[in-house]
>>> print(open('input_12.txt').read())   # compact mmCIF, C-alpha atoms
# COMPACT_ATOMS: atom_id res chain seq x y z
CA MET T 1 52.68 96.44 23.66
CA ALA T 2 55.22 94.41 25.63
CA ILE T 3 57.80 92.52 23.58
CA ASP T 4 57.98 88.80 24.23
CA THR T 5 61.18 88.12 26.23
CA ALA T 6 62.00 84.85 24.50
CA THR T 7 61.70 86.46 21.07
CA THR T 8 63.83 89.39 22.17
CA LYS T 9 66.58 87.10 23.44
CA GLU T 10 66.49 85.03 20.28
CA LYS T 11 66.86 88.10 18.08
CA ILE T 12 69.76 89.38 20.18
CA ARG T 13 71.46 85.99 20.19
CA ASN T 14 71.09 85.64 16.41
CA TYR T 15 72.57 89.06 15.92
CA ILE T 16 75.53 88.36 18.22
CA VAL T 17 76.30 85.01 16.61
CA GLN T 18 76.06 86.46 13.12
CA SER T 19 78.07 89.61 13.76
CA SER T 20 80.79 88.19 16.05
CA HIS T 21 81.35 85.06 13.91
CA ALA T 22 81.37 83.12 17.18
CA ASP T 23 80.31 79.53 17.72
CA ALA T 24 76.57 79.66 18.54
CA ASP T 25 76.99 77.07 21.30
CA LYS T 26 79.35 79.37 23.17
CA ILE T 27 76.88 82.22 23.48
CA LYS T 28 74.50 81.57 26.37
CA ASP T 29 71.98 83.98 27.81
CA GLU T 30 74.32 84.64 30.71
CA SER T 31 77.61 84.76 28.74
CA MET T 32 79.54 87.96 29.46
CA ILE T 33 79.80 89.03 25.85
CA PHE T 34 82.32 91.85 26.39
CA ARG T 35 84.43 90.28 29.13
CA GLU T 36 84.72 87.14 27.00
CA GLY T 37 85.83 89.17 24.01
CA PHE T 38 82.99 88.55 21.54
CA PHE T 39 82.79 92.28 20.79
CA ASP T 40 85.22 95.15 20.50
CA SER T 41 84.49 98.87 20.27
CA MET T 42 83.15 98.60 16.73
CA GLY T 43 81.04 95.61 17.70
CA PHE T 44 79.52 97.60 20.56
CA ILE T 45 78.55 100.50 18.29
CA MET T 46 77.02 98.06 15.80
CA LEU T 47 75.13 96.30 18.59
CA ILE T 48 73.62 99.60 19.71
CA THR T 49 72.66 100.46 16.14
CA PHE T 50 71.05 97.02 15.76
CA LEU T 51 69.07 97.35 19.01
CA GLU T 52 67.83 100.81 18.07
CA GLU T 53 66.70 99.70 14.62
CA GLU T 54 65.28 96.33 15.63
CA PHE T 55 63.47 97.37 18.79
CA GLY T 56 62.76 101.03 18.07
CA ILE T 57 64.53 102.27 21.21
CA LYS T 58 66.80 105.29 21.60
CA THR T 59 70.01 104.87 23.58
CA VAL T 60 71.28 107.82 25.60
CA ASP T 61 74.64 108.37 27.33
CA SER T 62 73.44 107.21 30.73
CA ASP T 63 72.36 103.86 29.23
CA LEU T 64 75.93 102.95 28.30
CA ILE T 65 76.80 100.97 31.41
CA GLU T 66 77.90 97.38 31.80
CA GLU T 67 74.71 96.34 33.62
CA ASN T 68 72.67 97.05 30.46
CA PHE T 69 74.91 95.27 27.95
CA GLU T 70 77.03 92.61 29.66
CA SER T 71 74.95 89.61 28.49
CA ILE T 72 71.91 88.61 26.44
CA ASN T 73 69.89 88.57 29.68
CA ALA T 74 71.02 92.09 30.54
CA ILE T 75 70.32 93.44 27.05
CA SER T 76 66.89 91.83 27.01
CA GLU T 77 65.97 93.43 30.33
CA PHE T 78 67.32 96.75 29.08
CA ILE T 79 65.11 96.49 25.96
CA GLN T 80 62.06 95.66 28.09
CA ARG T 81 62.67 98.69 30.33
CA LYS T 82 63.23 101.04 27.39
CA SER T 83 60.13 99.74 25.60
CA GLN T 84 57.98 100.36 28.67
CA ASN T 85 59.18 103.95 28.87
CA MET B 1 113.55 82.26 41.21
CA SER B 2 112.08 85.46 39.79
CA THR B 3 114.29 88.55 39.79
CA ARG B 4 111.44 90.86 38.86
CA LYS B 5 111.60 94.29 40.49
CA LEU B 6 108.82 95.40 42.79
CA PHE B 7 106.36 97.59 40.93
CA ALA B 8 107.11 101.30 41.47
CA LYS B 9 106.16 104.54 39.75
CA ASP B 10 109.70 105.13 38.49
CA ILE B 11 110.13 101.58 37.22
CA ILE B 12 109.54 102.86 33.72
CA LEU B 13 112.28 105.47 33.64
CA LEU B 14 115.37 104.79 31.52
CA GLU B 15 118.40 104.70 33.78
CA ASN B 16 120.97 105.45 31.08
CA VAL B 17 119.42 107.53 28.30
CA GLU B 18 122.73 108.05 26.53
CA ALA B 19 123.26 104.30 26.20
CA VAL B 20 119.73 103.80 24.85
CA VAL B 21 120.22 106.57 22.27
CA ASN B 22 123.58 105.17 21.17
CA ASN B 23 122.14 101.72 20.82
CA ILE B 24 119.20 102.94 18.69
CA ILE B 25 121.56 104.93 16.48
CA GLU B 26 123.90 102.02 15.99
CA GLN B 27 121.09 99.63 15.14
CA MET B 28 119.47 102.10 12.75
CA ARG B 29 122.75 102.61 10.90
CA GLU B 30 123.14 98.90 10.52
CA ASP B 31 119.55 98.39 9.33
CA VAL B 32 119.29 101.33 6.96
CA LEU B 33 122.81 101.45 5.55
CA GLN B 34 123.99 97.84 5.67
CA ARG B 35 120.81 95.83 5.46
CA PHE B 36 118.51 98.01 3.35
CA LYS B 37 121.36 99.63 1.40
CA ARG B 38 119.71 103.03 1.67
CA ASN B 39 121.82 106.20 2.00
CA GLY B 40 119.85 108.23 4.51
CA ALA B 41 116.41 108.89 5.97
CA VAL B 42 113.17 110.74 5.29
CA VAL B 43 111.02 111.71 8.26
CA GLY B 44 107.57 113.27 8.25
CA ILE B 45 107.71 115.99 10.90
CA SER B 46 104.51 117.16 12.53
CA GLY B 47 105.93 119.25 15.34
CA GLY B 48 104.85 116.52 17.76
CA ILE B 49 107.12 114.84 20.27
CA ASP B 50 107.39 111.43 18.55
CA SER B 51 108.39 112.59 15.07
CA SER B 52 110.71 115.19 16.65
CA VAL B 53 112.59 112.58 18.66
CA CYS B 54 112.86 110.31 15.59
CA PHE B 55 114.14 113.27 13.59
CA ALA B 56 116.79 114.08 16.20
CA LEU B 57 117.83 110.42 16.31
CA VAL B 58 118.27 110.10 12.54
CA ALA B 59 120.13 113.41 12.37
CA ARG B 60 122.65 111.86 14.79
CA ALA B 61 122.63 108.49 13.07
CA PHE B 62 123.18 109.60 9.47
CA GLY B 63 124.32 113.21 9.78
CA PRO B 64 122.09 116.22 9.01
CA GLU B 65 123.06 116.22 5.33
CA LYS B 66 121.65 112.68 4.89
CA VAL B 67 118.23 113.45 6.35
CA LEU B 68 115.18 115.11 4.83
CA GLY B 69 112.32 116.40 6.97
CA VAL B 70 108.95 116.68 5.26
CA ILE B 71 106.21 118.89 6.68
CA LEU B 72 102.84 117.65 5.39
CA PRO B 73 100.07 120.05 6.35
CA GLU B 74 96.49 120.03 5.08
CA LYS B 75 93.64 122.43 5.64
CA ASP B 76 92.66 121.01 9.07
CA SER B 77 96.24 121.05 10.43
CA SER B 78 97.09 123.41 13.25
CA PRO B 79 99.43 126.22 12.08
CA ASP B 80 101.50 125.46 15.20
CA SER B 81 102.50 122.10 13.70
CA GLU B 82 104.36 123.72 10.81
CA MET B 83 105.93 126.33 13.07
CA PHE B 84 107.29 123.72 15.49
CA ALA B 85 108.47 121.47 12.65
CA LYS B 86 110.47 124.33 11.12
CA GLU B 87 111.99 125.17 14.50
CA LEU B 88 112.99 121.53 14.91
CA ALA B 89 114.66 121.33 11.50
CA ALA B 90 116.56 124.55 12.17
CA LYS B 91 117.70 123.28 15.57
CA PHE B 92 119.31 120.16 14.08
CA GLY B 93 120.51 121.81 10.86
CA VAL B 94 118.49 119.47 8.65
CA ARG B 95 116.78 120.43 5.40
CA ALA B 96 112.99 120.44 5.67
CA ILE B 97 110.51 120.90 2.86
CA LYS B 98 106.79 121.51 2.91
CA GLU B 99 104.36 119.39 0.91
CA GLU B 100 100.81 120.72 1.19
CA ILE B 101 98.48 117.74 0.74
CA THR B 102 95.05 119.44 0.76
CA GLY B 103 94.77 119.14 -3.04
CA ALA B 104 95.58 115.43 -3.00
CA LEU B 105 93.06 114.87 -0.22
CA SER B 106 90.38 116.79 -2.10
CA GLY B 107 91.12 114.57 -5.09
CA PHE B 108 90.45 111.50 -2.96
CA GLY B 109 87.21 113.07 -1.73
CA CYS B 110 88.54 112.92 1.84
CA TYR B 111 86.72 116.02 3.13
CA GLU B 112 83.57 115.46 1.10
CA ARG B 113 83.15 111.84 2.22
CA ARG B 114 83.83 112.76 5.85
CA ASP B 115 81.46 115.74 5.86
CA GLU B 116 78.70 113.74 4.19
CA ALA B 117 78.78 111.32 7.15
CA VAL B 118 78.89 114.17 9.68
CA LYS B 119 75.82 115.76 8.08
CA ARG B 120 73.86 112.52 8.37
CA VAL B 121 74.29 112.85 12.15
CA PHE B 122 74.05 116.66 12.35
CA PRO B 123 72.22 118.06 9.26
CA GLU B 124 72.99 121.62 10.44
CA TYR B 125 76.78 121.06 10.21
CA ASP B 126 78.43 123.48 7.77
CA PRO B 127 81.98 122.35 7.04
CA SER B 128 83.00 125.77 5.73
CA THR B 129 82.61 127.44 9.14
CA TRP B 130 81.98 124.72 11.74
CA LYS B 131 84.59 122.43 13.27
CA MET B 132 84.28 118.73 14.07
CA LYS B 133 86.05 115.92 15.86
CA ILE B 134 85.38 112.42 17.11
CA GLY B 135 86.48 110.99 20.43
CA VAL B 136 85.72 108.69 23.35
CA ARG B 137 84.56 109.40 26.90
CA GLN B 138 87.22 108.93 29.56
CA SER B 139 85.03 107.14 32.07
CA GLY B 140 84.99 104.03 29.89
CA LEU B 141 88.52 102.81 30.49
CA PHE B 142 87.85 101.19 33.85
CA SER B 143 84.65 99.57 32.60
CA ASN B 144 84.35 96.19 30.90
CA LEU B 145 82.53 97.83 28.01
CA PRO B 146 84.62 98.99 25.05
CA PRO B 147 84.60 102.74 24.41
CA ILE B 148 81.95 104.33 22.25
CA PHE B 149 82.85 107.12 19.86
CA TYR B 150 81.10 110.46 19.95
CA LEU B 151 80.89 113.05 17.21
CA THR B 152 81.33 116.65 18.33
CA ILE B 153 80.56 119.71 16.20
CA ILE B 154 81.35 123.31 17.12
CA ASP B 155 79.60 126.26 15.45
CA PRO B 156 81.36 129.59 14.71
CA GLU B 157 80.13 131.02 18.04
CA GLY B 158 81.75 128.13 19.90
CA ASN B 159 78.53 126.25 20.75
CA VAL B 160 79.24 122.55 21.11
CA LYS B 161 76.96 119.62 20.29
CA ASP B 162 77.80 115.96 20.55
CA LYS B 163 76.11 112.63 19.84
CA ILE B 164 76.99 108.96 19.91
CA LEU B 165 78.28 108.05 16.46
CA PRO B 166 76.26 105.35 14.69
CA ALA B 167 78.33 102.54 13.19
CA ARG B 168 77.97 103.49 9.53
CA GLU B 169 78.90 107.13 10.07
CA TYR B 170 81.79 106.24 12.40
CA LEU B 171 83.28 103.93 9.79
CA GLN B 172 82.88 106.47 6.99
CA ILE B 173 84.43 109.33 9.00
CA VAL B 174 87.42 107.20 10.04
CA ALA B 175 87.90 105.72 6.56
CA ALA B 176 87.79 109.18 4.96
CA SER B 177 90.12 110.72 7.57
CA ASN B 178 92.64 107.91 7.07
CA PHE B 179 93.33 109.30 3.60
CA LYS B 180 95.39 111.91 5.46
CA GLN B 181 97.89 109.49 7.00
CA ARG B 182 98.08 107.37 3.86
CA THR B 183 98.63 110.37 1.61
CA ARG B 184 101.42 111.54 3.91
CA MET B 185 103.07 108.14 3.77
CA SER B 186 102.82 108.08 -0.07
CA MET B 187 104.58 111.43 -0.18
CA LEU B 188 107.30 110.25 2.21
CA TYR B 189 107.98 107.23 0.01
CA TYR B 190 108.15 109.48 -3.04
CA HIS B 191 110.96 111.47 -1.45
CA ALA B 192 112.65 108.39 -0.01
CA GLU B 193 112.72 106.66 -3.38
CA ALA B 194 113.85 109.82 -5.18
CA LEU B 195 116.80 110.11 -2.78
CA HIS B 196 117.41 106.39 -2.20
CA TYR B 197 116.67 106.91 1.49
CA ALA B 198 114.62 104.90 4.01
CA VAL B 199 111.35 106.11 5.55
CA ILE B 200 111.41 106.46 9.30
CA GLY B 201 108.21 105.33 11.02
CA THR B 202 107.48 107.44 14.08
CA PRO B 203 104.96 105.49 16.24
CA ASN B 204 105.82 104.90 19.90
CA LYS B 205 105.13 101.73 21.88
CA HIS B 206 101.54 102.65 22.82
CA GLU B 207 100.58 103.55 19.29
CA GLN B 208 101.99 100.25 18.08
CA GLU B 209 100.55 97.98 20.74
CA GLN B 210 97.19 99.66 21.19
CA GLY B 211 96.68 100.13 17.46
CA PHE B 212 96.58 103.91 17.45
CA PHE B 213 97.79 104.27 13.88
CA VAL B 214 96.52 103.92 10.35
CA LYS B 215 97.53 100.72 8.62
CA TYR B 216 99.79 101.62 5.67
CA GLY B 217 99.54 105.23 6.83
CA ASP B 218 101.46 106.46 9.85
CA GLY B 219 101.85 102.79 10.82
CA ALA B 220 104.16 102.26 7.83
CA GLY B 221 107.88 102.93 7.40
CA ASP B 222 111.12 100.98 7.09
CA VAL B 223 112.41 101.36 10.65
CA MET B 224 110.68 102.59 13.81
CA PRO B 225 113.31 103.88 16.22
CA ILE B 226 110.94 104.60 19.13
CA GLY B 227 108.49 101.76 18.44
CA ASN B 228 109.43 100.04 21.66
CA LEU B 229 109.58 103.09 23.93
CA TYR B 230 106.92 104.32 26.34
CA LYS B 231 105.90 107.94 26.00
CA THR B 232 107.63 108.80 29.28
CA GLN B 233 110.84 107.39 27.80
CA VAL B 234 110.31 109.29 24.54
CA TYR B 235 110.23 112.48 26.64
CA GLN B 236 113.46 111.41 28.35
CA LEU B 237 115.07 111.06 24.92
CA ALA B 238 113.67 114.41 23.82
CA GLU B 239 115.33 116.15 26.76
CA TYR B 240 118.62 114.37 26.17
CA LEU B 241 118.66 115.06 22.41
CA GLY B 242 117.78 118.73 22.82
CA VAL B 243 114.37 118.77 21.16
CA PRO B 244 113.00 122.35 21.42
CA LYS B 245 111.15 123.09 24.67
CA GLY B 246 107.98 124.22 22.86
CA ILE B 247 107.63 120.75 21.34
CA ILE B 248 108.30 118.96 24.63
CA GLU B 249 105.72 121.06 26.46
CA ARG B 250 103.06 120.77 23.76
CA THR B 251 100.01 118.59 24.51
CA PRO B 252 99.97 115.63 22.08
CA THR B 253 97.10 116.07 19.63
CA THR B 254 95.78 114.03 16.73
CA ASP B 255 95.94 117.05 14.38
CA THR B 256 93.47 115.17 12.17
CA TYR B 257 90.10 116.85 12.71
CA SER B 258 89.24 120.51 12.32
CA ALA B 259 88.46 120.92 16.04
CA GLU B 260 91.35 120.74 18.53
CA GLN B 261 91.63 117.30 20.03
CA THR B 262 94.12 115.68 22.38
CA GLN B 263 95.25 112.09 21.85
CA GLU B 264 93.93 111.36 25.33
CA GLU B 265 90.36 112.33 24.44
CA PHE B 266 90.49 110.66 21.05
CA PHE B 267 91.89 107.32 22.04
CA TYR B 268 93.92 106.70 25.18
CA GLN B 269 91.48 107.97 27.84
CA LEU B 270 94.33 108.33 30.36
CA PRO B 271 97.20 110.83 30.65
CA PHE B 272 100.48 109.33 29.42
CA HIS B 273 102.21 109.31 32.78
CA LEU B 274 99.46 106.98 34.07
CA MET B 275 98.99 104.99 30.88
CA ASP B 276 102.70 104.16 30.71
CA ARG B 277 102.85 102.78 34.23
CA PHE B 278 99.63 100.78 34.01
CA TRP B 279 100.67 99.33 30.65
CA TYR B 280 104.07 98.40 32.05
CA GLY B 281 102.38 96.55 34.90
CA PHE B 282 100.03 94.83 32.46
CA GLU B 283 102.60 93.68 29.94
CA ASN B 284 105.05 92.51 32.58
CA GLY B 285 102.45 90.43 34.37
CA TYR B 286 102.28 92.36 37.65
CA PRO B 287 99.23 91.43 39.76
CA PRO B 288 96.54 94.15 39.62
CA ALA B 289 96.64 94.48 43.42
CA GLU B 290 100.38 95.29 43.40
CA VAL B 291 99.94 97.90 40.67
CA ALA B 292 96.83 99.32 42.36
CA ALA B 293 98.65 99.86 45.66
CA VAL B 294 101.37 101.93 43.98
CA MET B 295 99.03 103.83 41.66
CA ASP B 296 96.43 104.75 44.32
CA GLU B 297 93.74 102.69 42.61
CA THR B 298 91.58 99.74 43.60
CA ALA B 299 92.55 96.24 42.50
CA ASP B 300 89.13 95.81 40.82
CA ARG B 301 89.58 98.88 38.68
CA VAL B 302 93.11 97.91 37.68
CA GLU B 303 91.84 94.44 36.81
CA SER B 304 89.21 96.00 34.52
CA LEU B 305 91.87 98.23 33.03
CA PHE B 306 94.12 95.25 32.28
CA ARG B 307 91.19 93.44 30.64
CA ASN B 308 90.67 96.55 28.55
CA PHE B 309 94.34 96.57 27.51
CA GLU B 310 94.15 92.90 26.62
CA ARG B 311 91.07 93.48 24.49
CA LYS B 312 92.68 96.48 22.79
CA ARG B 313 95.81 94.50 21.98
CA ASN B 314 93.83 91.56 20.64
CA THR B 315 91.34 93.53 18.58
CA THR B 316 94.06 95.60 16.91
CA GLU B 317 96.25 92.67 15.95
CA TYR B 318 94.96 92.98 12.40
CA LEU B 319 96.53 96.43 12.12
CA ARG B 320 100.00 95.18 13.03
CA MET B 321 99.98 92.15 10.78
CA PRO B 322 101.59 92.10 7.36
CA PRO B 323 99.52 90.45 4.62
CA ILE B 324 99.24 86.71 5.24
CA ARG B 325 100.65 84.82 2.31
CA ASP B 326 101.48 81.33 3.52
CA TYR B 327 98.31 79.73 2.16
CA TYR B 328 100.26 77.45 -0.11
CA GLN B 329 102.94 75.31 1.54
CA GLY B 330 104.27 73.55 -1.56
>>> encode(input="input_12.txt", output="structure tokens")
Amino acid sequence: MAIDTATTKEKIRNYIVQSSHADADKIKDESMIFREGFFDSMGFIMLITFLEEEFGIKTVDSDLIEENFESINAISEFIQRKSQN
Amino acid sequence: MSTRKLFAKDIILLENVEAVVNNIIEQMREDVLQRFKRNGAVVGISGGIDSSVCFALVARAFGPEKVLGVILPEKDSSPDSEMFAKELAAKFGVRAIKEEITGALSGFGCYERRDEAVKRVFPEYDPSTWKMKIGVRQSGLFSNLPPIFYLTIIDPEGNVKDKILPAREYLQIVAASNFKQRTRMSMLYYHAEALHYAVIGTPNKHEQEQGFFVKYGDGAGDVMPIGNLYKTQVYQLAEYLGVPKGIIERTPTTDTYSAEQTQEEFFYQLPFHLMDRFWYGFENGYPPAEVAAVMDETADRVESLFRNFERKRNTTEYLRMPPIRDYYQG
């Protein structure tokens, strides 16, 4: 069953706001969450753990590229692709 | 008008090593003897280049009879570390003692807590015969993503397995392993207080600025003689001071996990001769394109690298900060 994109983005956004202690208004769907410094190394590991637990996906080495994680939009598309596989 | 030099590969080299050494020695004497009113220095010696250079510096600053070297092995330490540390102490005529800290670490539950986390990732891991380490992948440094830590286990036949470390296990392994550096620092302060000496902190500039140290562990100490020197410069001092060749030629390791691990694979992701020059360009505000041209890189990659350095410096600020106490301004 396909996951609703809007719901996926909302869950990701809520997680990012909560875990990065950032101002919710500053985190847009297209915000570059790593370039803009919302997450460090630990934040990245925790994000992956959250995505795996929340969306039931399994991340492998080749998934760990900027295109899959740079923004809420990118993460959402990554989740959709992984869910379809 | 700016008088900044053009970026070049040798921009980082100390032109007058003798003057730098004399200046460090003079300042250390003033700080330790005059300011802190301590009579000498205690140094933890690991057989690595940084602690060896600090040891040689304090032997010159205070005289060999006013220095104590402490070798602090535990069960995961490489036997080479103790061998090199003893050679170093003999070379400079300084007394060195050995304090085995495995018992103290067992008391803290260091190994048990660490191995419990490893087993949650790899249930087959047997700490009595297998080896383990954690580290990052080198390809990540030119990316905008922060590095991810991997856990590697090696069975007695040498078969290697690795996996991305989940957050909870990563935190537990690091927290448990940090008992090692903090136990060593406790022991150094015991000897320093018993002798009315100061503790010499041994981190170099990269360790300080990139946060590659344990807060209140190896990041502690009263003075840090090489805290503002690049690794390339530390090697220049080592040659000048006569640190034994075996130590100078040794690959820097973490000597923290049971499996052999270089500092490059654990943390830095670049060899020191490159890291030093890129960091110099970054901290002195050189444009990425100018650095890239000299270092045979692309401007885009150097720009990503500089962003990475910036992030590393910002996210490790907490480690360098003393406790904040100015909450009341009365």
>>> closest_atom_pairs(input="input_12.txt", of="chain T", to="chain B", cutoff="12 Å", atoms="all atoms listed in the file", output="Markdown table")
| residue | atom | partner | partner_atom | distance |
| --- | --- | --- | --- | --- |
| T:Met32 | CA | B:Asn144 | CA | 9.6 |
| T:Ile33 | CA | B:Leu145 | CA | 9.5 |
| T:Phe34 | CA | B:Leu145 | CA | 6.2 |
| T:Arg35 | CA | B:Asn144 | CA | 6.2 |
| T:Glu36 | CA | B:Arg311 | CA | 9.3 |
| T:Gly37 | CA | B:Arg311 | CA | 6.8 |
| T:Phe38 | CA | B:Arg311 | CA | 9.9 |
| T:Phe39 | CA | B:Pro146 | CA | 8.2 |
| T:Asp40 | CA | B:Pro146 | CA | 6.0 |
| T:Ser41 | CA | B:Pro146 | CA | 4.8 |
| T:Met42 | CA | B:Ala167 | CA | 7.2 |
| T:Gly43 | CA | B:Ala167 | CA | 8.7 |
| T:Phe44 | CA | B:Pro146 | CA | 6.9 |
| T:Ile45 | CA | B:Ala167 | CA | 5.5 |
| T:Met46 | CA | B:Ala167 | CA | 5.3 |
| T:Leu47 | CA | B:Ala167 | CA | 8.9 |
| T:Ile48 | CA | B:Pro166 | CA | 8.1 |
| T:Thr49 | CA | B:Pro166 | CA | 6.2 |
| T:Phe50 | CA | B:Ala167 | CA | 9.5 |
| T:Leu51 | CA | B:Pro166 | CA | 11.6 |
| T:Glu52 | CA | B:Pro166 | CA | 10.2 |
| T:Glu53 | CA | B:Pro166 | CA | 11.1 |
| T:Lys58 | CA | B:Ile164 | CA | 11.0 |
| T:Thr59 | CA | B:Ile164 | CA | 8.9 |
| T:Val60 | CA | B:Ile164 | CA | 8.1 |
| T:Asp61 | CA | B:Ile164 | CA | 7.8 |
| T:Ser62 | CA | B:Ile164 | CA | 11.5 |
| T:Asp63 | CA | B:Ile164 | CA | 11.6 |
| T:Leu64 | CA | B:Leu145 | CA | 8.4 |
| T:Ile65 | CA | B:Leu145 | CA | 7.4 |
| T:Glu66 | CA | B:Leu145 | CA | 6.0 |
| T:Glu67 | CA | B:Leu145 | CA | 9.7 |
| T:Asn68 | CA | B:Leu145 | CA | 10.2 |
| T:Phe69 | CA | B:Leu145 | CA | 8.0 |
| T:Glu70 | CA | B:Leu145 | CA | 7.8 |
| T:Ser71 | CA | B:Leu145 | CA | 11.2 |
>>> residues_around(input="input_12.txt", residues="stretch 283-293 of chain B", least_positions_apart="2", cutoff="10 Å", atoms="all atoms listed in the file", output="list of chain:residue names")
B:Arg4, B:Lys5, B:Leu6, B:Phe7, B:Ala8, B:Lys9, B:Arg277, B:Phe278, B:Trp279, B:Tyr280, B:Gly281, B:Met295, B:Asp296, B:Glu297, B:Thr298, B:Ala299, B:Asp300, B:Arg301, B:Val302, B:Glu303, B:Ser304, B:Leu305, B:Phe306, B:Phe309, B:Glu310
>>> write_last_selection(input="input_12.txt", atoms="C-alpha atoms", output="tab-separated table (two decimals), in the frame of the given file")
chain	number	residue	atom	x	y	z
B	4	ARG	CA	111.44	90.86	38.86
B	5	LYS	CA	111.60	94.29	40.49
B	6	LEU	CA	108.82	95.40	42.79
B	7	PHE	CA	106.36	97.59	40.93
B	8	ALA	CA	107.11	101.30	41.47
B	9	LYS	CA	106.16	104.54	39.75
B	277	ARG	CA	102.85	102.78	34.23
B	278	PHE	CA	99.63	100.78	34.01
B	279	TRP	CA	100.67	99.33	30.65
B	280	TYR	CA	104.07	98.40	32.05
B	281	GLY	CA	102.38	96.55	34.90
B	295	MET	CA	99.03	103.83	41.66
B	296	ASP	CA	96.43	104.75	44.32
B	297	GLU	CA	93.74	102.69	42.61
B	298	THR	CA	91.58	99.74	43.60
B	299	ALA	CA	92.55	96.24	42.50
B	300	ASP	CA	89.13	95.81	40.82
B	301	ARG	CA	89.58	98.88	38.68
B	302	VAL	CA	93.11	97.91	37.68
B	303	GLU	CA	91.84	94.44	36.81
B	304	SER	CA	89.21	96.00	34.52
B	305	LEU	CA	91.87	98.23	33.03
B	306	PHE	CA	94.12	95.25	32.28
B	309	PHE	CA	94.34	96.57	27.51
B	310	GLU	CA	94.15	92.90	26.62
>>> atom_distance(input="input_12.txt", atom1="atom CA of B:Lys180", atom2="atom CA of B:His273")
28.3 Å
>>> closest_residue(input="input_12.txt", among="B:Asp222, B:Glu30, B:Asp10, B:Glu87", to="B:Val243", atoms="only C-alpha atoms")
B:Glu87
>>> atom_distance(input="input_12.txt", atom1="atom CA of T:His21", atom2="atom CA of T:Ser83")
28.3 Å
>>> residues_near_point(input="input_12.txt", point="(64.2, 91.7, 27.4)", cutoff="12 Å", atoms="only C-alpha atoms", output="PyMOL selection string")
chain T and resi 2-13+29+51+55+68-69+71-84
>>> atom_distance(input="input_12.txt", atom1="atom CA of B:Pro73", atom2="atom CA of B:Glu100")
5.3 Å
>>> build_atoms(input="input_12.txt", residues="stretch 22-26 of chain T", atoms="all heavy atoms", output="short mmCIF file (atom, residue, chain, number, x, y, z; two decimals), in the frame of the given file")
data_model
loop_
_atom_site.label_atom_id
_atom_site.label_comp_id
_atom_site.auth_asym_id
_atom_site.auth_seq_id
_atom_site.Cartn_x
_atom_site.Cartn_y
_atom_site.Cartn_z
N ALA T 22 81.05 84.06 16.10
CA ALA T 22 81.37 83.12 17.18
C ALA T 22 80.56 81.84 17.03
O ALA T 22 79.53 81.81 16.33
CB ALA T 22 81.08 83.76 18.53
N ASP T 23 81.02 80.80 17.69
CA ASP T 23 80.31 79.53 17.72
C ASP T 23 79.01 79.72 18.52
O ASP T 23 79.05 80.15 19.67
CB ASP T 23 81.23 78.52 18.41
CG ASP T 23 80.66 77.11 18.40
OD1 ASP T 23 79.46 76.97 18.11
OD2 ASP T 23 81.42 76.18 18.70
N ALA T 24 77.87 79.42 17.90
CA ALA T 24 76.57 79.66 18.54
C ALA T 24 76.46 78.97 19.90
O ALA T 24 75.83 79.50 20.83
CB ALA T 24 75.44 79.20 17.62
N ASP T 25 77.08 77.81 20.04
CA ASP T 25 76.99 77.07 21.30
C ASP T 25 77.67 77.80 22.46
O ASP T 25 77.39 77.54 23.62
CB ASP T 25 77.66 75.68 21.15
CG ASP T 25 76.91 74.83 20.14
OD1 ASP T 25 75.72 75.14 19.89
OD2 ASP T 25 77.51 73.89 19.60
N LYS T 26 78.59 78.67 22.13
CA LYS T 26 79.35 79.37 23.17
C LYS T 26 78.60 80.57 23.72
O LYS T 26 78.99 81.13 24.75
CB LYS T 26 80.70 79.84 22.62
CG LYS T 26 81.70 78.73 22.41
CD LYS T 26 83.04 79.31 22.01
CE LYS T 26 84.06 78.20 21.79
NZ LYS T 26 85.26 78.68 21.14
#
